[in-house]
Amino acid sequence: MIKAQFQVFVSPEAVAEAVAAHIAEVVRARPETVLGLATGKTFVPIYEALVRVSVETGLSFAEASSFNLDEYVGLAPNHPASFRRYMEENFFRHVDLPAERALLPEADGDAAAACLAYEAAIVARGGIDVQLLGIGRNGHIGFNEPGSAFDGRTQVAKLTPSTIAANTSDFPPGEVPPPEAITMGIGTILEAREIVLVATGAGKAEALARAFLAPPDETCPASALQRHGHVTVFCDEAAFAGMGHQAKA
Ligand code: F6R
């Protein structure tokens, strides 16, 4: 029995439309929704679609709050590759989500204090209603790399060489990603009431299959999602290729 619902689409664009429609429905039903947000290439078309829905239908985020999964340690918020900058460019500046409730870990100061403050801020908001997640080729979620504890809290994590290589193209020429990031822990992520995992492209097929077809194991961080009761995977056919037919909704 696969412990997640799968929604499989023909293309990344169709995945983006479906994820945006789902988030829009959640926020319409509960304007004060607390969103858990992700960055990365997978989410660029998703924010684009969500902004379009917001503009076309008047969907407001004025009562909502958001917590991003992660941020690089030591990057100023306006660094071109910071996740703050990504969020501003792809989402925040296009919608009416209040700036004081659109949070990312504050990773350019005292990182240990920022981790504790982030956990406290999530609790103070009543917890995360819907957490968006991408998946790394090595099965990471947030920056929880293979070997991360399933009960981990928001912490400073070391990036693996494969993650650094995958993210180098987001940096200006000649720069590489910092070796560390603040990330919500897997335990933090699992406390979200609903989880939406998004995977597109053949490069994610192996990680997705490992996450859901084998028993949960810390060598594949995303396999921890099997321990959550409300996970929906939105993926394209290329990412679904390793799953076989049993999981399709
Ligand atoms: C981003 C994050 C990462 C990415 C993952 C996939 O906030 O936490 O786990 O979701 O690395 O990245 P892309 O979408 O660039 O393949």
# chains A, B, ... in the order shown; residues from 1 in each chain; ligands from 1

$ closest_atom_pairs --of "chain A" --to "ligand 1" --cutoff "8 Å" --atoms "only C-alpha atoms and all ligand atoms" --output "JSON lines"
{"residue": "A:Leu37", "atom": "CA", "partner": "ligand 1", "partner_atom_place_in_ligand_line": "7 (O)", "distance": 7.2}
{"residue": "A:Ala38", "atom": "CA", "partner": "ligand 1", "partner_atom_place_in_ligand_line": "7 (O)", "distance": 3.9}
{"residue": "A:Thr39", "atom": "CA", "partner": "ligand 1", "partner_atom_place_in_ligand_line": "7 (O)", "distance": 3.7}
{"residue": "A:Gly40", "atom": "CA", "partner": "ligand 1", "partner_atom_place_in_ligand_line": "15 (O)", "distance": 3.5}
{"residue": "A:Lys41", "atom": "CA", "partner": "ligand 1", "partner_atom_place_in_ligand_line": "15 (O)", "distance": 3.7}
{"residue": "A:Thr42", "atom": "CA", "partner": "ligand 1", "partner_atom_place_in_ligand_line": "14 (O)", "distance": 3.6}
{"residue": "A:Phe43", "atom": "CA", "partner": "ligand 1", "partner_atom_place_in_ligand_line": "14 (O)", "distance": 6.0}
{"residue": "A:Asn68", "atom": "CA", "partner": "ligand 1", "partner_atom_place_in_ligand_line": "7 (O)", "distance": 7.0}
{"residue": "A:Leu69", "atom": "CA", "partner": "ligand 1", "partner_atom_place_in_ligand_line": "7 (O)", "distance": 5.5}
{"residue": "A:Asp70", "atom": "CA", "partner": "ligand 1", "partner_atom_place_in_ligand_line": "7 (O)", "distance": 5.5}
{"residue": "A:Glu71", "atom": "CA", "partner": "ligand 1", "partner_atom_place_in_ligand_line": "7 (O)", "distance": 7.5}
{"residue": "A:Phe83", "atom": "CA", "partner": "ligand 1", "partner_atom_place_in_ligand_line": "7 (O)", "distance": 7.4}
{"residue": "A:Leu133", "atom": "CA", "partner": "ligand 1", "partner_atom_place_in_ligand_line": "10 (O)", "distance": 5.6}
{"residue": "A:Gly134", "atom": "CA", "partner": "ligand 1", "partner_atom_place_in_ligand_line": "10 (O)", "distance": 3.3}
{"residue": "A:Ile135", "atom": "CA", "partner": "ligand 1", "partner_atom_place_in_ligand_line": "5 (C)", "distance": 4.6}
{"residue": "A:Gly136", "atom": "CA", "partner": "ligand 1", "partner_atom_place_in_ligand_line": "11 (O)", "distance": 4.2}
{"residue": "A:Arg137", "atom": "CA", "partner": "ligand 1", "partner_atom_place_in_ligand_line": "16 (O)", "distance": 7.5}
{"residue": "A:His140", "atom": "CA", "partner": "ligand 1", "partner_atom_place_in_ligand_line": "9 (O)", "distance": 5.8}
{"residue": "A:Ile141", "atom": "CA", "partner": "ligand 1", "partner_atom_place_in_ligand_line": "9 (O)", "distance": 4.3}
{"residue": "A:Gly142", "atom": "CA", "partner": "ligand 1", "partner_atom_place_in_ligand_line": "8 (O)", "distance": 3.1}
{"residue": "A:Phe143", "atom": "CA", "partner": "ligand 1", "partner_atom_place_in_ligand_line": "8 (O)", "distance": 5.3}
{"residue": "A:Asn144", "atom": "CA", "partner": "ligand 1", "partner_atom_place_in_ligand_line": "9 (O)", "distance": 7.5}
{"residue": "A:Thr163", "atom": "CA", "partner": "ligand 1", "partner_atom_place_in_ligand_line": "11 (O)", "distance": 7.0}
{"residue": "A:Ala166", "atom": "CA", "partner": "ligand 1", "partner_atom_place_in_ligand_line": "15 (O)", "distance": 7.4}
{"residue": "A:Asn167", "atom": "CA", "partner": "ligand 1", "partner_atom_place_in_ligand_line": "15 (O)", "distance": 7.0}
{"residue": "A:Thr183", "atom": "CA", "partner": "ligand 1", "partner_atom_place_in_ligand_line": "8 (O)", "distance": 7.5}
{"residue": "A:Ala199", "atom": "CA", "partner": "ligand 1", "partner_atom_place_in_ligand_line": "14 (O)", "distance": 7.6}
{"residue": "A:Lys204", "atom": "CA", "partner": "ligand 1", "partner_atom_place_in_ligand_line": "16 (O)", "distance": 7.9}

$ residues_around --residues "A:Thr200" --least-positions-apart "2" --cutoff "9 Å" --atoms "only C-alpha atoms" --output "list in words"
Ser11, Pro12, Val15, Thr42, Val198, Ala202, Gly203, Lys204, Ala205, Phe234, Cys235, Asp236, Glu237, Ala238, Ala239 and Phe240 of chain A

$ residues_around --residues "stretch 88-93 of chain A" --least-positions-apart "5" --cutoff "8 Å" --atoms "only C-alpha atoms" --output "PDB file with C-alpha atoms, in the first residue's frame"
ATOM      1  CA  VAL A  44       9.174  28.584 -10.744  1.00  0.00           C
ATOM      2  CA  TYR A  47       4.476  30.429  -8.486  1.00  0.00           C
ATOM      3  CA  GLU A  48       3.920  31.816 -11.969  1.00  0.00           C
ATOM      4  CA  VAL A  51       0.290  34.585  -9.341  1.00  0.00           C
ATOM      5  CA  ALA A  99       5.813  41.157   4.191  1.00  0.00           C
ATOM      6  CA  ALA A 102       6.243  36.032   4.671  1.00  0.00           C
TER       7      ALA A 102
END

$ residues_around --residues "A:Tyr72" --least-positions-apart "5" --cutoff "8 Å" --atoms "only C-alpha atoms" --output "PyMOL selection string"
chain A and resi 82-83+107+177-178+180-182

$ atom_distance --atom1 "atom CA of A:Pro215" --atom2 "atom CA of A:Gly147"
14.7 Å

$ residues_around --residues "stretch 117-119 of chain A" --least-positions-apart "6" --cutoff "9 Å" --atoms "only C-alpha atoms" --output "PyMOL selection string"
chain A and resi 67+103-106+153-154+184+188

$ closest_residue --among "A:Val196, A:Met1, A:Ala222, A:Ala157" --to "A:Ile23" --atoms "only C-alpha atoms"
A:Val196

$ residues_around --residues "stretch 96-98 of chain A" --least-positions-apart "3" --cutoff "9 Å" --atoms "only C-alpha atoms" --output "PyMOL selection string"
chain A and resi 60-66+92-93+101-102

$ atom_distance --atom1 "atom CA of A:Val19" --atom2 "atom CA of A:His79"
27.9 Å
